[in-house]
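One file, structure.txt, is given below (compact mmCIF, C-alpha atoms and all ligand atoms).
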```
# COMPACT_ATOMS: atom_id res chain seq x y z
CA MET A 379 -5.84 27.27 -32.25
CA LYS A 380 -5.86 25.74 -28.75
CA ILE A 381 -5.86 27.39 -25.36
CA CYS A 382 -2.73 26.63 -23.35
CA ILE A 383 -3.45 26.08 -19.65
CA ALA A 384 -0.55 25.95 -17.17
CA LEU A 385 -1.26 23.88 -14.08
CA THR A 386 0.62 23.96 -10.80
CA LYS A 387 1.97 20.45 -10.25
CA GLY A 388 0.94 18.50 -7.15
CA ARG A 389 -2.06 19.17 -4.92
CA LEU A 390 -3.54 21.96 -7.06
CA GLU A 391 -3.20 19.95 -10.27
CA GLU A 392 -5.19 17.10 -8.77
CA GLN A 393 -7.86 19.41 -7.32
CA PHE A 394 -8.17 21.35 -10.60
CA LEU A 395 -8.55 18.19 -12.68
CA ASN A 396 -11.25 16.87 -10.33
CA TYR A 397 -13.05 20.22 -10.62
CA PHE A 398 -12.59 20.33 -14.40
CA ARG A 399 -14.07 16.86 -14.70
CA THR A 400 -17.22 17.98 -12.85
CA LEU A 401 -17.65 20.63 -15.58
CA SER A 402 -17.92 17.80 -18.16
CA TYR A 403 -14.53 18.37 -19.77
CA ASN A 404 -12.78 15.23 -20.94
CA ILE A 405 -9.55 14.88 -18.99
CA ASP A 406 -8.77 11.25 -19.93
CA PRO A 407 -5.47 12.10 -21.69
CA LEU A 408 -4.31 13.75 -18.44
CA VAL A 409 -5.10 10.92 -16.08
CA ASN A 410 -2.29 8.56 -17.05
CA LYS A 411 0.16 11.12 -18.35
CA GLY A 412 3.06 9.65 -16.35
CA ARG A 413 6.00 12.08 -16.21
CA LYS A 414 4.94 14.08 -19.29
CA LEU A 415 5.00 17.83 -18.69
CA SER A 416 2.88 18.81 -21.69
CA VAL A 417 -0.30 17.02 -22.78
CA GLU A 418 -2.84 17.90 -25.48
CA THR A 419 -6.55 17.19 -25.24
CA GLU A 420 -9.17 17.91 -27.89
CA ASN A 421 -9.47 21.60 -26.98
CA PHE A 422 -6.51 22.41 -24.78
CA GLN A 423 -2.80 22.09 -24.34
CA PHE A 424 -1.91 21.55 -20.68
CA ILE A 425 1.52 22.22 -19.27
CA PHE A 426 2.61 21.28 -15.76
CA ALA A 427 5.02 23.43 -13.77
CA LYS A 428 5.87 24.70 -10.28
CA GLY A 429 3.60 27.52 -9.09
CA VAL A 430 6.01 30.37 -9.62
CA ASP A 431 6.86 29.06 -13.09
CA VAL A 432 3.14 28.89 -13.97
CA ALA A 433 3.09 32.64 -13.33
CA THR A 434 6.15 33.10 -15.56
CA TYR A 435 4.68 31.08 -18.46
CA VAL A 436 1.45 33.08 -18.28
CA GLU A 437 3.28 36.40 -17.93
CA HIS A 438 5.28 35.63 -21.10
CA GLY A 439 2.20 34.49 -23.03
CA ILE A 440 3.39 30.90 -23.47
CA ALA A 441 0.34 29.83 -21.48
CA ASP A 442 -2.94 31.71 -21.92
CA ILE A 443 -4.42 30.61 -18.61
CA GLY A 444 -2.81 29.51 -15.35
CA ILE A 445 -4.09 27.73 -12.26
CA ILE A 446 -2.05 28.90 -9.32
CA GLY A 447 -2.13 29.38 -5.55
CA GLU A 448 -2.88 32.91 -4.39
CA ASP A 449 0.25 32.59 -2.19
CA ILE A 450 2.40 32.81 -5.33
CA LEU A 451 0.51 35.87 -6.61
CA LEU A 452 0.92 37.67 -3.29
CA GLU A 453 4.60 36.82 -2.98
CA TYR A 454 5.77 37.42 -6.57
CA GLN A 455 3.14 39.88 -7.88
CA PRO A 456 3.44 38.71 -11.51
CA ASP A 457 2.12 40.94 -14.30
CA VAL A 458 -0.91 38.81 -15.17
CA TYR A 459 -4.65 39.26 -15.18
CA ASN A 460 -5.89 37.84 -11.86
CA LEU A 461 -9.22 36.53 -13.12
CA LEU A 462 -11.07 34.71 -10.40
CA PRO A 463 -10.94 32.60 -7.25
CA LEU A 464 -11.54 28.87 -7.60
CA PRO A 465 -13.42 26.68 -5.13
CA PHE A 466 -10.40 24.64 -4.06
CA GLY A 467 -6.85 25.10 -2.74
CA LYS A 468 -8.29 26.88 0.25
CA CYS A 469 -5.72 27.50 2.95
CA ARG A 470 -4.33 30.34 5.03
CA PHE A 471 -1.11 32.20 5.58
CA SER A 472 -0.29 31.80 9.27
CA LEU A 473 2.38 32.64 11.79
CA ALA A 474 3.29 29.53 13.78
CA GLU A 475 5.72 28.63 16.52
CA GLN A 476 6.53 26.00 19.12
CA GLU A 477 4.19 25.94 22.08
CA LYS A 478 6.47 27.16 24.86
CA LYS A 479 4.57 28.35 27.87
CA GLY A 480 6.17 30.96 30.10
CA VAL A 481 9.20 31.57 27.86
CA LYS A 482 10.00 35.27 27.49
CA ARG A 483 9.83 36.46 23.88
CA LYS A 484 13.12 37.63 22.32
CA GLN A 485 13.44 41.31 21.44
CA LYS A 486 13.94 40.67 17.74
CA ARG A 487 12.52 37.44 16.40
CA THR A 488 13.83 35.43 13.44
CA ILE A 489 11.13 34.20 11.07
CA ALA A 490 11.70 31.39 8.56
CA THR A 491 9.55 31.36 5.44
CA LYS A 492 9.24 30.59 1.74
CA TYR A 493 7.43 33.94 1.46
CA PRO A 494 9.77 36.81 2.46
CA ASN A 495 7.66 39.52 0.79
CA VAL A 496 4.41 38.43 2.43
CA THR A 497 6.25 38.10 5.75
CA THR A 498 7.92 41.53 5.48
CA ASP A 499 4.57 43.13 4.69
CA PHE A 500 2.83 41.37 7.59
CA PHE A 501 5.41 42.43 10.20
CA ARG A 502 5.65 45.96 8.78
CA LYS A 503 1.91 46.37 9.30
CA LYS A 504 2.23 44.97 12.83
CA GLY A 505 5.05 47.41 13.56
CA GLU A 506 7.42 44.61 14.62
CA SER A 507 10.99 44.46 13.37
CA VAL A 508 12.11 40.89 12.57
CA ASP A 509 14.92 39.05 10.81
CA ILE A 510 13.74 36.87 7.93
CA VAL A 511 15.41 33.64 6.80
CA LYS A 512 14.30 32.43 3.36
CA LEU A 513 13.89 28.66 2.98
CA GLU A 514 12.68 26.66 -0.04
CA GLY A 515 10.52 24.11 1.81
CA SER A 516 9.95 22.08 4.97
CA VAL A 517 9.92 25.39 6.81
CA GLU A 518 8.48 23.68 9.90
CA LEU A 519 11.97 22.33 10.65
CA ALA A 520 13.42 25.77 11.33
CA PRO A 521 11.96 26.40 14.83
CA LEU A 522 12.60 22.78 15.84
CA LEU A 523 16.30 23.07 14.98
CA GLY A 524 16.80 26.58 16.33
CA LEU A 525 17.18 28.35 12.99
CA ALA A 526 14.15 30.54 13.66
CA ASP A 527 11.73 31.51 16.43
CA ALA A 528 8.64 31.18 14.24
CA ILE A 529 7.52 30.56 10.66
CA VAL A 530 5.16 32.16 8.19
CA ASP A 531 3.73 29.49 5.93
CA ILE A 532 0.56 28.21 4.32
CA VAL A 533 -1.57 25.93 6.46
CA GLU A 534 -4.14 23.72 4.77
CA THR A 535 -5.16 20.83 7.03
CA GLY A 536 -2.79 21.80 9.87
CA THR A 537 -1.28 18.29 9.87
CA THR A 538 2.29 19.38 9.15
CA LEU A 539 2.25 21.88 12.02
CA ARG A 540 0.66 19.41 14.42
CA GLU A 541 3.04 16.58 13.60
CA ASN A 542 6.00 18.88 14.17
CA GLY A 543 4.83 20.34 17.48
CA LEU A 544 3.95 23.81 16.16
CA ILE A 545 0.83 25.91 16.75
CA VAL A 546 -0.67 28.83 14.87
CA THR A 547 -0.29 32.04 16.87
CA GLU A 548 -1.77 34.38 14.27
CA ASP A 549 -3.68 34.00 11.01
CA ILE A 550 -2.56 36.40 8.29
CA HIS A 551 -5.21 35.76 5.66
CA TRP A 552 -7.21 33.15 3.79
CA ILE A 553 -6.24 32.27 0.24
CA SER A 554 -7.45 29.91 -2.50
CA ALA A 555 -6.47 28.71 -5.94
CA ARG A 556 -6.85 31.40 -8.62
CA CYS A 557 -7.34 31.40 -12.36
CA ILE A 558 -4.94 33.86 -14.02
CA ALA A 559 -4.64 34.90 -17.68
CA ASN A 560 -2.12 36.48 -19.98
CA ARG A 561 -3.19 40.06 -20.72
CA SER A 562 -2.95 39.82 -24.53
CA SER A 563 -4.43 36.30 -24.74
CA LEU A 564 -7.60 37.70 -23.22
CA LYS A 565 -7.90 40.01 -26.23
CA ILE A 566 -6.49 37.81 -29.02
CA LYS A 567 -8.19 34.54 -28.01
CA ARG A 568 -11.28 36.09 -26.43
CA GLU A 569 -13.72 33.88 -28.36
CA LEU A 570 -11.99 30.71 -27.18
CA ILE A 571 -11.27 31.83 -23.63
CA THR A 572 -14.65 33.34 -22.71
CA PRO A 573 -16.59 30.03 -22.73
CA LEU A 574 -13.85 28.38 -20.68
CA ILE A 575 -13.91 31.16 -18.09
CA GLU A 576 -17.70 31.07 -17.94
CA ALA A 577 -17.54 27.33 -17.34
CA ILE A 578 -14.96 27.49 -14.56
CA VAL A 579 -16.45 30.42 -12.62
CA PRO A 580 -17.58 28.84 -9.34
CA LYS A 581 -21.36 28.66 -9.51
CA GLU A 582 -21.86 30.48 -6.20
CA GLU A 583 -19.91 33.44 -7.68
CA ILE A 584 -22.42 34.09 -10.45
CA ARG A 585 -25.57 33.81 -8.38
C1 LIG B 601 2.92 23.17 2.24
C2 LIG B 601 3.21 24.15 3.36
C3 LIG B 601 3.19 23.27 4.58
C4 LIG B 601 2.14 22.24 4.22
C5 LIG B 601 0.82 22.59 4.88
O1 LIG B 601 4.10 22.51 1.93
O2 LIG B 601 4.45 24.79 3.16
O3 LIG B 601 4.43 22.66 4.81
O4 LIG B 601 1.96 22.27 2.80
O5 LIG B 601 -0.18 21.65 4.61
P1 LIG B 601 -1.03 20.98 5.78
O6 LIG B 601 -1.54 22.07 6.66
O7 LIG B 601 -2.15 20.28 5.04
O8 LIG B 601 -0.15 20.01 6.52
P2 LIG B 601 4.27 21.59 0.65
O9 LIG B 601 3.53 20.30 0.83
O10 LIG B 601 3.89 22.37 -0.55
O11 LIG B 601 5.81 21.23 0.66
P3 LIG B 601 7.11 22.09 1.05
O12 LIG B 601 7.09 22.30 2.54
O13 LIG B 601 8.26 21.24 0.63
O14 LIG B 601 7.02 23.37 0.30
```
Structure re-expressed in C-alpha cells:
Amino acid sequence: MKICIALTKGRLEEQFLNYFRTLSYNIDPLVNKGRKLSVETENFQFIFAKGVDVATYVEHGIADIGIIGEDILLEYQPDVYNLLPLPFGKCRFSLAEQEKKGVKRKQKRTIATKYPNVTTDFFRKKGESVDIVKLEGSVELAPLLGLADAIVDIVETGTTLRENGLIVTEDIHWISARCIANRSSLKIKRELITPLIEAIVPKEEIR
C-alpha cells in the first residue's frame, strides 16, 4: 500500500519537491515527469492538480495527503484535516489599489478577487459594504481597466503589483503552504503516514 500525495501544480510543487529532497526522499522519478499528472516513486504515488482540486481529491480520499496553499483552505473550507504549516509558500492576502493621490474615495467600492469568501469576510469585519467581482486570475488588470477600484489577492514577492502600478493599502493576513490529510486515511494508514508527517514537520515547529 502506498501513500497518495496530491501536489498543487506550479510554484508550490517546485517548492515542495525541493523541501522533500532536503529530507532525503528520492524524487528522481518526479524531476523529468514531463506532462504526466500521476507519478509513482518507491513509497508514494504523487498526483498533480490545481490547488482547489487538491482539496477535492483529499476530501474524497483519493489522495491521503495534500500540499496546498492556505489561501485555498480559507476560501473553500474543505472538509479535511489541516495538519501543519510548511516552511515555504509564504505570502499574504492583501488589499491593493492604484496609487492615486488626492482622489476622493467612492462611497461603495468594487473589489476584484479570486477569493470572494475571504474578501467578504474581510470587509464585513471592517464594517465596509463593497461590491465583489469574481475573477479567475490576473486580478491586477481589474483596477487598471476600470473594472474594480481595488483587489484582494495573494502577494508573494510583490513583483506583479509593482509592475502593474498597484500598491498594498492593507495587509489581511500571512499564509503559507499547508499539509492536509484525508480524515479516514489518518486512521486507516496511520502506520504509513505517521513517519511521513514526522519527517515533514518543519524542524523549528518541534523544538
Ligand atoms: C498569484 C497572485 C498574484 C501573484 C503574486 O498569481 O494572484 O497575481 O501570484 O505573486 P508576486 O507577488 O510574487 O508577484 P498566479 O501566479 O498564481 O497567477 P494568476 O494571477 O493567473 O492566478
Query - CA of Ile446 (chain A) to CA of Arg389 (chain A), distance in Å rounded to a single decimal - result: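 Taking CA of Ile446 (chain A) as the start and CA of Arg389 (chain A) as the end point, the length is 10.7 Å.
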Query raised in the report: Contacts of region 417-425 of chain A at 10 Å or less, counting only C-alpha atoms, minus same-chain residues fewer than 5 places along, as a ChimeraX atom specification?
Result: /A:379-387,403-408,411,432,435,440-444,570
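Using all atoms listed in the file, we find that the residues with an atom at most 8 Å from any atom of ligand LIG 601 (chain B) are Cys469, Lys492, Glu514, Gly515, Ser516, Val517, Glu518, Asp531, Ile532, Val533, Glu534, Thr535, Gly536, Thr537, Thr538, Leu539 and Arg540 of chain A.
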Could you write out that same residue set with C-alpha atoms as a CSV table (one decimal), keeping the file's coordinate frame?
```csv
chain,number,residue,atom,x,y,z
A,469,CYS,CA,-5.7,27.5,3.0
A,492,LYS,CA,9.2,30.6,1.7
A,514,GLU,CA,12.7,26.7,0.0
A,515,GLY,CA,10.5,24.1,1.8
A,516,SER,CA,10.0,22.1,5.0
A,517,VAL,CA,9.9,25.4,6.8
A,518,GLU,CA,8.5,23.7,9.9
A,531,ASP,CA,3.7,29.5,5.9
A,532,ILE,CA,0.6,28.2,4.3
A,533,VAL,CA,-1.6,25.9,6.5
A,534,GLU,CA,-4.1,23.7,4.8
A,535,THR,CA,-5.2,20.8,7.0
A,536,GLY,CA,-2.8,21.8,9.9
A,537,THR,CA,-1.3,18.3,9.9
A,538,THR,CA,2.3,19.4,9.2
A,539,LEU,CA,2.2,21.9,12.0
A,540,ARG,CA,0.7,19.4,14.4
```
Report task. Kindly give the distance, in Å, that separates CA of Ile558 (chain A) and CA of Asn396 (chain A), rounded to a single decimal. Result ->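 Result for CA of Ile558 (chain A) versus CA of Asn396 (chain A): 18.5 Å, one decimal.
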Query raised in the report: Could you name the residues that touch region 547-551 of chain A at 10 Å or less, counting only C-alpha atoms, but leaving out those on the same chain fewer than 6 positions away, as a list in words?
Result: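 Everything that qualifies: Cys469, Arg470, Phe471, Ser472, Leu473, Ala474, Glu475, Gln476, Glu477, Val496, Thr497, Phe500, Ala528, Val530, Asp531, Ile532 and Val533 of chain A.
Using all atoms listed in the file for every distance, the candidate list A:Lys512, A:Arg483, A:Lys581, A:Lys504 yields A:Lys581 as the residue closest to Leu462 (chain A).
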**Report entry** Residues within 10 Å of Ile450 (chain A), only C-alpha atoms, excluding chain neighbours under 2 positions, as a VMD selection string
**Finding:** chain A and resid 429 to 433 446 to 448 452 to 456 493 496 555 to 556
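Take the candidates A:Gly467, A:Pro580, A:Gly439, A:Gly543 and check each one against Ala520 (chain A) using only C-alpha atoms; the shortest distance goes to A:Gly543.
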Query raised in the report: Need the neighbours of (11.1, 43.8, 6.8): which residues are at most 9 Å away, counting all atoms listed in the file, as a list in words?
Result: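 Residues found, by chain and rising number: Pro494, Asn495, Thr497, Thr498, Asp499, Phe500, Phe501, Arg502, Glu506, Ser507, Val508, Asp509 and Ile510 of chain A.
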Requested in this report: Enter the distance from CA of Lys482 (chain A) to CA of Gly505 (chain A), in Å, rounded to one decimal.
Outcome: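 One can read the CA of Lys482 (chain A) to CA of Gly505 (chain A) distance as 19.1 Å.
Distances to Val579 (chain A) were evaluated for A:Lys503, A:Ile553, A:Lys428, A:Tyr397 using all atoms listed in the file, and the minimum falls at A:Tyr397.
When only C-alpha atoms are used to measure the gap to Ser554 (chain A), the shortest distance among A:Gly524, A:Gly388, A:Gly412, A:Pro465 belongs to A:Pro465.
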Where atoms are absent from region 471-495 of chain A, fill them in so it carries N, CA, C and O atoms, then output it as a compact mmCIF listing (two decimals), in the coordinates of the input.
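Contents of out-v3.txt, freshly written:
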```txt
# COMPACT_ATOMS: atom_id res chain seq x y z
N PHE A 471 -2.46 31.81 5.18
CA PHE A 471 -1.11 32.20 5.58
C PHE A 471 -1.16 32.36 7.09
O PHE A 471 -2.01 33.11 7.60
N SER A 472 -0.27 31.68 7.81
CA SER A 472 -0.29 31.80 9.27
C SER A 472 1.12 31.98 9.82
O SER A 472 2.10 31.56 9.20
N LEU A 473 1.15 32.57 11.00
CA LEU A 473 2.38 32.64 11.79
C LEU A 473 2.29 31.50 12.79
O LEU A 473 1.26 31.35 13.46
N ALA A 474 3.35 30.68 12.87
CA ALA A 474 3.29 29.53 13.78
C ALA A 474 4.61 29.39 14.53
O ALA A 474 5.66 29.79 14.03
N GLU A 475 4.51 28.85 15.73
CA GLU A 475 5.72 28.63 16.52
C GLU A 475 5.55 27.44 17.45
O GLU A 475 4.45 26.88 17.54
N GLN A 476 6.63 27.10 18.17
CA GLN A 476 6.53 26.00 19.12
C GLN A 476 5.74 26.48 20.32
O GLN A 476 5.87 27.66 20.72
N GLU A 477 4.97 25.56 20.89
CA GLU A 477 4.19 25.94 22.08
C GLU A 477 5.13 25.92 23.28
O GLU A 477 5.50 24.85 23.77
N LYS A 478 5.55 27.11 23.71
CA LYS A 478 6.47 27.16 24.86
C LYS A 478 5.86 28.09 25.88
O LYS A 478 5.89 29.30 25.73
N LYS A 479 5.26 27.51 26.89
CA LYS A 479 4.57 28.35 27.87
C LYS A 479 5.58 29.00 28.82
O LYS A 479 6.53 28.36 29.25
N GLY A 480 5.36 30.27 29.10
CA GLY A 480 6.17 30.96 30.10
C GLY A 480 7.56 31.36 29.64
O GLY A 480 8.36 31.86 30.42
N VAL A 481 7.87 31.16 28.34
CA VAL A 481 9.20 31.57 27.86
C VAL A 481 9.10 33.03 27.38
O VAL A 481 8.19 33.38 26.62
N LYS A 482 10.05 33.85 27.86
CA LYS A 482 10.00 35.27 27.49
C LYS A 482 10.37 35.45 26.02
O LYS A 482 11.33 34.84 25.54
N ARG A 483 9.58 36.26 25.31
CA ARG A 483 9.83 36.46 23.88
C ARG A 483 11.08 37.30 23.65
O ARG A 483 11.31 38.28 24.35
N LYS A 484 11.89 36.89 22.65
CA LYS A 484 13.12 37.63 22.32
C LYS A 484 12.76 39.02 21.79
O LYS A 484 11.68 39.22 21.24
N GLN A 485 13.69 39.94 21.92
CA GLN A 485 13.44 41.31 21.44
C GLN A 485 13.22 41.36 19.93
O GLN A 485 12.30 41.98 19.45
N LYS A 486 14.11 40.68 19.20
CA LYS A 486 13.94 40.67 17.74
C LYS A 486 13.87 39.22 17.28
O LYS A 486 14.85 38.48 17.40
N ARG A 487 12.71 38.84 16.77
CA ARG A 487 12.52 37.44 16.40
C ARG A 487 13.07 37.14 14.99
O ARG A 487 13.09 38.02 14.14
N THR A 488 13.44 35.89 14.78
CA THR A 488 13.83 35.43 13.44
C THR A 488 12.69 34.57 12.90
O THR A 488 12.21 33.65 13.58
N ILE A 489 12.26 34.89 11.67
CA ILE A 489 11.13 34.20 11.07
C ILE A 489 11.61 33.47 9.82
O ILE A 489 12.18 34.08 8.92
N ALA A 490 11.35 32.16 9.76
CA ALA A 490 11.70 31.39 8.56
C ALA A 490 10.47 31.29 7.66
O ALA A 490 9.36 31.11 8.16
N THR A 491 10.69 31.39 6.36
CA THR A 491 9.55 31.36 5.44
C THR A 491 9.98 31.13 4.00
O THR A 491 11.12 31.43 3.63
N LYS A 492 9.04 30.62 3.20
CA LYS A 492 9.24 30.59 1.74
C LYS A 492 8.74 31.89 1.14
O LYS A 492 8.82 32.08 -0.07
N TYR A 493 8.12 32.74 1.96
CA TYR A 493 7.43 33.94 1.46
C TYR A 493 7.98 35.22 2.12
O TYR A 493 7.28 35.84 2.93
N PRO A 494 9.20 35.63 1.78
CA PRO A 494 9.77 36.81 2.46
C PRO A 494 8.99 38.10 2.22
O PRO A 494 8.91 38.93 3.13
N ASN A 495 8.40 38.27 1.05
CA ASN A 495 7.66 39.52 0.79
C ASN A 495 6.38 39.59 1.61
O ASN A 495 6.06 40.62 2.20
```
